[in-house]
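Here the structure is laid out as structure tokens; the discussion comes afterwards.
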Amino acid sequence: MKKNKNIKISEEHLTKQYGKLGSKKRDEFEVKAKAFVIGELLKEERKQAKMTQEQLASKIGAKKSYISRVENGKTDIQLSTLFRLFEVGLGKSITISINE
């Protein structure tokens, strides 16, 4: 995934498109956006490791179709599975931060 730090989405645009923070529509958008980001990170790391979806799935005891759904942001993922994907499957570590 090519990174472009010049792309910024304004709060004004998001509010106009999805509503204010805390609204049902905006919350649904935020969840989907975060799932998309996790999927893109997984796909990027998997490709850097020169692994196929099938190889990664086999390494963590999952199905290829599950890896595909995660990479495409089409499924919810449990934290334990997220850690297993990155740490066991790809040898990476995950850091989680909680912000206000």
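By order of appearance in the structure tokens: chains A, B, ..., then residues from 1 within every chain, and ligands from 1 in the order shown.
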Once you count only C-alpha atoms, what closest atom pair and distance in Å to one decimal does each residue of segment 27-58 of chain A within 10 Å of segment 75-85 of chain A have, with rows by chain and rising residue number, as JSON lines?
{"residue": "A:Val31", "atom": "CA", "partner": "A:Asp76", "partner_atom": "CA", "distance": 9.5}
{"residue": "A:Lys32", "atom": "CA", "partner": "A:Asp76", "partner_atom": "CA", "distance": 9.4}
{"residue": "A:Ala35", "atom": "CA", "partner": "A:Asp76", "partner_atom": "CA", "distance": 7.5}
{"residue": "A:Phe36", "atom": "CA", "partner": "A:Thr75", "partner_atom": "CA", "distance": 9.8}
{"residue": "A:Ile38", "atom": "CA", "partner": "A:Leu82", "partner_atom": "CA", "distance": 9.0}
{"residue": "A:Gly39", "atom": "CA", "partner": "A:Thr75", "partner_atom": "CA", "distance": 9.6}
{"residue": "A:Leu42", "atom": "CA", "partner": "A:Leu85", "partner_atom": "CA", "distance": 8.1}
{"residue": "A:Arg46", "atom": "CA", "partner": "A:Leu85", "partner_atom": "CA", "distance": 9.5}
{"residue": "A:Leu56", "atom": "CA", "partner": "A:Leu85", "partner_atom": "CA", "distance": 7.7}
{"residue": "A:Ala57", "atom": "CA", "partner": "A:Leu85", "partner_atom": "CA", "distance": 8.4}
*Within 12 Å of Leu90 of chain A using only C-alpha atoms, minus same-chain residues under 2 positions, as a PyMOL selection string*: chain A and resi 41-53+55-60+82-88+92-94
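Using only C-alpha atoms, the shortest contact distance between Gly61 of chain A and any of A:Ile98, A:Phe29, A:Gly22, A:Gly89 is found at A:Gly89.
If only C-alpha atoms are the atoms counted, then among A:Ser65, A:Asn72, A:Ser10, A:Asn99 the closest residue to Lys34 of chain A is A:Asn72.
What separates atom CA of Thr95 of chain A from atom CA of Glu54 of chain A is a distance of 25.5 Å.
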*To one decimal place, how far is atom CA of Leu14 of chain A from atom CA of Ile67 of chain A in Å?*
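Those two atoms sit 29.1 Å apart.
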